[in-house]
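J.: Supplied structure: start-v1.cif, mmCIF, C-alpha atoms.
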data_data
loop_
_atom_site.label_atom_id
_atom_site.label_comp_id
_atom_site.auth_asym_id
_atom_site.auth_seq_id
_atom_site.Cartn_x
_atom_site.Cartn_y
_atom_site.Cartn_z
CA MET A 1 96.43 86.10 92.63
CA SER A 2 97.82 87.71 95.76
CA GLY A 3 101.16 89.46 95.76
CA HIS A 4 102.56 86.85 98.14
CA SER A 5 101.50 84.08 95.76
CA HIS A 6 103.23 85.83 92.89
CA TRP A 7 106.41 85.94 94.89
CA ALA A 8 105.94 82.30 95.88
CA THR A 9 105.69 81.24 92.24
CA ILE A 10 108.85 83.10 91.29
CA ARG A 11 110.67 81.90 94.40
CA ARG A 12 109.91 78.24 93.65
CA LYS A 13 111.32 78.63 90.15
CA LYS A 14 114.31 80.53 91.48
CA GLY A 15 114.88 77.84 94.09
CA ALA A 16 115.36 75.29 91.33
CA ALA A 17 117.86 77.60 89.62
CA ASP A 18 119.72 78.18 92.90
CA ALA A 19 120.03 74.43 93.40
CA LYS A 20 121.64 74.10 89.98
CA ARG A 21 124.13 76.81 90.89
CA GLY A 22 124.96 75.10 94.16
CA GLN A 23 123.97 78.12 96.22
CA VAL A 24 121.21 76.54 98.26
CA PHE A 25 123.41 74.28 100.40
CA THR A 26 125.72 77.16 101.31
CA ARG A 27 122.85 79.36 102.44
CA LEU A 28 121.15 76.56 104.34
CA ALA A 29 124.39 75.64 106.10
CA ARG A 30 124.90 79.23 107.23
CA GLU A 31 121.39 79.38 108.63
CA ILE A 32 122.00 76.13 110.54
CA VAL A 33 125.27 77.51 111.94
CA ILE A 34 123.59 80.70 113.19
CA ALA A 35 120.63 78.80 114.65
CA ALA A 36 122.84 76.30 116.48
CA ARG A 37 125.08 79.06 117.79
CA GLU A 38 122.12 81.00 119.21
CA GLY A 39 120.02 78.20 120.65
CA GLY A 40 122.15 75.06 120.88
CA GLY A 41 122.51 72.00 118.71
CA GLU A 42 119.28 70.15 119.58
CA PRO A 43 116.44 70.76 117.09
CA ASP A 44 113.90 69.48 119.65
CA THR A 45 114.63 72.45 121.92
CA ASN A 46 115.73 74.99 119.29
CA MET A 47 112.85 76.01 117.02
CA ARG A 48 115.02 78.01 114.66
CA LEU A 49 117.43 75.11 114.25
CA ALA A 50 114.54 72.71 113.65
CA LEU A 51 113.27 75.04 110.95
CA ALA A 52 116.70 75.29 109.31
CA VAL A 53 117.22 71.53 109.41
CA ASP A 54 113.74 70.92 107.96
CA ARG A 55 114.53 73.27 105.08
CA ALA A 56 117.88 71.59 104.52
CA ARG A 57 116.30 68.14 104.38
CA ALA A 58 113.56 69.40 102.04
CA ASN A 59 116.34 70.53 99.68
CA ASN A 60 118.07 67.11 99.92
CA MET A 61 121.07 68.43 101.82
CA PRO A 62 123.25 65.47 102.90
CA LYS A 63 123.03 64.48 106.55
CA GLU A 64 126.76 64.92 107.07
CA ASN A 65 126.53 68.52 105.80
CA ILE A 66 123.77 69.26 108.29
CA GLU A 67 125.69 67.69 111.18
CA ARG A 68 128.87 69.57 110.24
CA ALA A 69 126.99 72.89 110.17
CA ILE A 70 125.47 72.19 113.60
CA LYS A 71 128.93 71.46 115.02
CA ARG A 72 130.26 74.69 113.57
CA GLY A 73 127.46 76.57 115.27
CA THR A 74 127.92 74.93 118.66
CA GLY A 75 131.70 75.35 118.55
CA ASP A 76 132.42 71.63 118.40
CA SER A 77 134.12 72.20 115.06
CA LYS A 78 136.63 75.04 115.26
CA ASP A 79 137.69 76.27 111.84
CA GLY A 80 138.46 79.82 112.90
CA THR A 81 135.60 81.35 110.91
CA ILE A 82 133.16 83.65 112.71
CA ILE A 83 129.80 83.85 110.99
CA GLU A 84 127.24 86.49 111.94
CA GLU A 85 123.90 87.68 110.61
CA ALA A 86 122.58 91.13 109.86
CA VAL A 87 119.65 92.83 108.18
CA TYR A 88 120.40 95.83 105.97
CA GLU A 89 117.73 98.35 105.07
CA GLY A 90 117.41 100.28 101.85
CA TYR A 91 115.31 101.56 99.01
CA ALA A 92 115.03 100.27 95.48
CA PRO A 93 114.10 102.66 92.66
CA HIS A 94 110.62 104.20 92.77
CA GLY A 95 110.49 104.17 96.57
CA VAL A 96 110.23 100.40 97.08
CA ALA A 97 111.46 99.48 100.57
CA VAL A 98 113.80 96.49 100.93
CA LEU A 99 115.23 94.46 103.78
CA VAL A 100 118.31 92.40 102.96
CA SER A 101 119.00 89.51 105.34
CA VAL A 102 122.60 88.30 105.27
CA VAL A 103 124.83 85.76 106.95
CA THR A 104 128.49 86.68 106.56
CA ASP A 105 132.03 86.22 107.81
CA ASN A 106 132.95 89.75 106.68
CA ARG A 107 130.46 92.56 107.27
CA ASN A 108 132.55 95.16 105.45
CA ARG A 109 132.61 93.08 102.27
CA THR A 110 128.91 92.27 102.46
CA VAL A 111 127.65 95.80 103.09
CA ALA A 112 129.82 97.08 100.24
CA GLU A 113 128.34 94.50 97.86
CA VAL A 114 124.76 95.27 98.94
CA ARG A 115 125.36 99.02 98.61
CA HIS A 116 126.87 98.54 95.14
CA VAL A 117 123.83 96.61 93.83
CA LEU A 118 121.40 99.16 95.28
CA SER A 119 123.24 102.21 93.96
CA ARG A 120 123.84 100.67 90.53
CA ALA A 121 120.07 100.23 90.16
CA GLY A 122 119.27 103.74 91.38
CA GLY A 123 118.48 102.77 94.96
CA ASN A 124 120.30 103.45 98.21
CA MET A 125 121.10 102.11 101.66
CA ALA A 126 119.01 103.47 104.53
CA GLU A 127 119.58 104.10 108.22
CA ALA A 128 118.67 101.31 110.64
CA GLY A 129 114.99 101.52 111.54
CA SER A 130 114.01 103.81 108.68
CA VAL A 131 112.66 100.94 106.56
CA SER A 132 112.01 98.02 108.92
CA TRP A 133 108.87 99.64 110.36
CA GLN A 134 107.19 98.96 107.01
CA PHE A 135 107.41 95.19 107.65
CA LYS A 136 106.37 92.70 110.25
CA ARG A 137 107.95 89.33 110.99
CA VAL A 138 105.67 86.32 110.68
CA ALA A 139 105.64 82.55 110.61
CA PHE A 140 105.09 81.52 106.98
CA PHE A 141 104.17 78.17 105.45
CA GLY A 142 103.55 77.47 101.77
CA PHE A 143 102.74 74.21 99.98
CA GLU A 144 100.80 72.63 97.15
CA LEU A 145 97.16 71.91 97.96
CA SER A 146 97.41 68.56 96.17
CA LYS A 147 94.61 66.24 97.35
CA ASN A 148 94.15 67.97 100.70
CA ASP A 149 90.76 69.34 101.70
CA PRO A 150 90.94 73.18 101.81
CA ASP A 151 88.37 73.33 104.61
CA LYS A 152 90.39 70.95 106.78
CA ILE A 153 93.60 72.85 106.13
CA PHE A 154 91.89 76.12 107.00
CA GLU A 155 90.47 74.64 110.19
CA LEU A 156 93.72 73.10 111.44
CA ALA A 157 95.68 76.26 110.63
CA VAL A 158 93.29 78.56 112.46
CA GLU A 159 93.11 76.23 115.45
CA ALA A 160 96.91 76.25 115.56
CA GLY A 161 96.95 80.05 115.72
CA ALA A 162 97.21 81.16 112.08
CA ASP A 163 96.18 84.73 111.29
CA ASP A 164 95.65 84.22 107.56
CA VAL A 165 95.15 81.27 105.20
CA THR A 166 94.96 81.78 101.43
CA PHE A 167 94.37 79.38 98.55
CA ASP A 168 95.37 80.22 95.01
CA ASP A 169 96.03 78.07 91.95
CA ASN A 170 96.57 74.90 94.03
CA TRP A 171 98.98 76.77 96.33
CA VAL A 172 98.34 77.29 100.04
CA GLU A 173 99.87 80.00 102.21
CA ILE A 174 99.53 80.13 105.99
CA ILE A 175 100.69 83.15 107.97
CA GLY A 176 100.75 83.48 111.74
CA SER A 177 102.62 85.24 114.51
CA VAL A 178 106.22 84.25 115.17
CA ASP A 179 105.07 82.58 118.39
CA SER A 180 102.65 80.36 116.47
CA TYR A 181 105.33 78.78 114.27
CA LYS A 182 105.82 75.59 116.26
CA GLU A 183 102.12 74.95 116.81
CA ILE A 184 101.28 75.41 113.13
CA SER A 185 104.26 73.29 112.12
CA ASP A 186 103.20 70.51 114.50
CA ALA A 187 99.62 70.65 113.19
CA LEU A 188 100.80 70.28 109.59
CA LYS A 189 103.07 67.37 110.53
CA ALA A 190 100.18 65.67 112.32
CA ALA A 191 98.18 66.01 109.10
CA HIS A 192 101.12 64.52 107.12
CA ILE A 193 101.65 67.79 105.23
CA THR A 194 105.24 68.81 104.50
CA PRO A 195 105.47 72.49 103.51
CA GLU A 196 107.72 73.51 100.64
CA ASP A 197 108.28 76.79 102.47
CA ALA A 198 108.40 77.01 106.26
CA GLU A 199 110.19 79.95 107.74
CA LEU A 200 110.11 83.14 109.75
CA ARG A 201 110.02 85.97 107.23
CA PHE A 202 109.27 89.64 106.88
CA VAL A 203 106.11 90.66 105.05
CA PRO A 204 105.24 94.25 104.09
CA ASN A 205 102.45 96.08 105.87
CA ASN A 206 101.57 97.69 102.53
CA GLU A 207 102.76 96.99 99.00
CA THR A 208 104.05 99.48 96.43
CA GLU A 209 102.31 99.28 93.06
CA LEU A 210 104.31 100.30 89.99
CA SER A 211 104.00 100.08 86.22
CA ASP A 212 105.02 96.78 84.66
CA SER A 213 108.32 98.16 83.39
CA GLU A 214 109.14 99.67 86.79
CA THR A 215 108.13 96.43 88.53
CA ILE A 216 110.47 94.41 86.33
CA GLN A 217 113.27 96.93 86.91
CA VAL A 218 112.93 96.61 90.70
CA TYR A 219 112.57 92.84 90.54
CA LYS A 220 115.81 92.53 88.58
CA MET A 221 117.55 94.56 91.27
CA ILE A 222 116.13 92.26 93.97
CA GLU A 223 117.33 89.28 91.94
CA ALA A 224 120.83 90.80 91.78
CA LEU A 225 120.82 91.17 95.57
CA GLU A 226 119.73 87.56 96.01
CA GLU A 227 122.61 86.38 93.85
CA LEU A 228 125.17 87.81 96.28
CA ASP A 229 126.86 84.95 98.15
CA ASP A 230 126.15 86.34 101.63
CA VAL A 231 122.49 87.20 101.07
CA GLN A 232 119.98 84.80 102.60
CA ASN A 233 116.71 86.60 101.76
CA VAL A 234 115.46 89.86 100.32
CA TYR A 235 112.09 91.24 101.41
CA SER A 236 110.40 94.16 99.70
CA THR A 237 107.19 96.13 99.47
CA LEU A 238 107.01 95.51 95.71
CA ALA A 239 103.60 94.43 94.40
CA ILE A 240 103.57 92.27 91.27
CA SER A 241 100.61 92.59 88.93
CA ASP A 242 99.32 89.72 86.78
CA SER A 243 100.72 91.35 83.65
CA ALA A 244 104.14 91.92 85.20
CA MET A 245 104.09 88.35 86.47
CA ALA A 246 103.42 87.05 82.97
CA GLN A 247 106.40 89.00 81.62
CA LEU A 248 108.68 87.73 84.39
CA GLU A 249 107.64 84.13 83.81
CA ALA A 250 108.20 84.50 80.06
CA ALA A 251 111.68 85.97 80.54
#
Could you take the file, read its structure, and then write that structure out as structure tokens?
T.:
Amino acid sequence: MSGHSHWATIRRKKGAADAKRGQVFTRLAREIVIAAREGGGEPDTNMRLALAVDRARANNMPKENIERAIKRGTGDSKDGTIIEEAVYEGYAPHGVAVLVSVVTDNRNRTVAEVRHVLSRAGGNMAEAGSVSWQFKRVAFFGFELSKNDPDKIFELAVEAGADDVTFDDNWVEIIGSVDSYKEISDALKAAHITPEDAELRFVPNNETELSDSETIQVYKMIEALEELDDVQNVYSTLAISDSAMAQLEAA
């Protein structure tokens, strides 16, 4: 199983836990606010907003919540709160590089919280640009294979501009350039396929392989970062072996 698939498995399970804690709607709303603020309130002409709204609907976010978040982003709803996004760079223990994507109304609070989690685990914050070069931003789609024909999925993805298509344990991952997001998304919609994951994300150029105990240590730190209210996503170079995966799933 590929490293990305390992992360996908854990993320899907974590997504269910997040929903129970009520964190998903907050994070989705913030993403909608930022997207609407940057590119306007029409999903048809704002790809990032369309992506955020799609993710919100996939997580059963109420329509009124989505509309309220769009209005906050466009300025039609003035509540006095200024929300901004940032990406912090750092290192986990054992040299694992991490990017922490946040959406916050208080940068000082957020950076202090991120720094605290990193340092408590034996990691540290890094200067801007010192870690990000180890990643590239891509369009990412993930979904269950279900009854779909792998050959047809591969063909439509490649024709839409995908750079990589992988199949593993009934799970499909499609990766393409940022510019290919809309075309791949449209191709999947035309094939009546609704991805569970559809986003622009950072993926590592190379992964860092550790022992199982070290892998679990770093993963727990990443999990602690993800539990911070202002954190949207955490990307890392951590590779997860089959044996480490089994231990994480059993935990």
J.: Between A:Ile82, A:Val234, A:Val117, A:Met47, single out the one closest to Tyr181 in chain A, counting only C-alpha atoms.
T.: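 Result for the nearest residue to Tyr181 in chain A: A:Met47.
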J.: Could you pull the residues within 6 Å of range 63-76 of chain A, counting all atoms listed in the file, minus those fewer than 4 positions along the same chain, as a list in words?
T.: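 Near range 63-76 of chain A, the qualifying residues are Ala29, Ile32, Val33, Ala36, Arg37 and Gly41 of chain A.
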J.: For the provided coordinates, the residues matched by the PyMOL selection byres ((chain A and resi 216-224) around 7) should be stated as a count of residues only.
T.: 14
J.: Quick one: everything within 9 Å of Pro150 in chain A, counting all atoms listed in the file, minus sequence neighbours fewer than 4 positions away in the same chain. Send it as a ChimeraX atom specification.
T.: /A:145,154-155,167,172
J.: Given all atoms listed in the file as the basis, pick out the residue of A:Leu156, A:Val111, A:Met245, A:Leu118 nearest to Glu183 in chain A.
T.: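 Going through A:Leu156, A:Val111, A:Met245, A:Leu118 one by one, the smallest distance to Glu183 in chain A is for A:Leu156.
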J.: Contacts of Leu28 in chain A at 12 Å or less, counting all atoms listed in the file, minus same-chain residues fewer than 6 places along, as a PyMOL selection string?
T.: chain A and resi 18-19+22+34-35+49+51-62+65-66+68-70+102-103+199+229-233
J.: Here's a test: counting only C-alpha atoms, identify every protein, DNA and RNA residue with an atom at most 9 Å from (104.0, 97.2, 103.0) in the file's coordinate frame, and state them as a ChimeraX atom specification.
T.: /A:97,134-136,203-208,236-238
J.: For a test of reading the model, state the distance in Å between CA of Gly123 in chain A and CA of Tyr88 in chain A, rounded to one decimal.
T.: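 One can read the CA of Gly123 in chain A to CA of Tyr88 in chain A distance as 13.2 Å.
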J.: With distances taken over all atoms listed in the file, which residue among A:Ser180, A:Asn124, A:Thr104, A:Thr166 lies nearest Ala86 in chain A?
T.: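 Ranking A:Ser180, A:Asn124, A:Thr104, A:Thr166 by distance to Ala86 in chain A, first place goes to A:Thr104.
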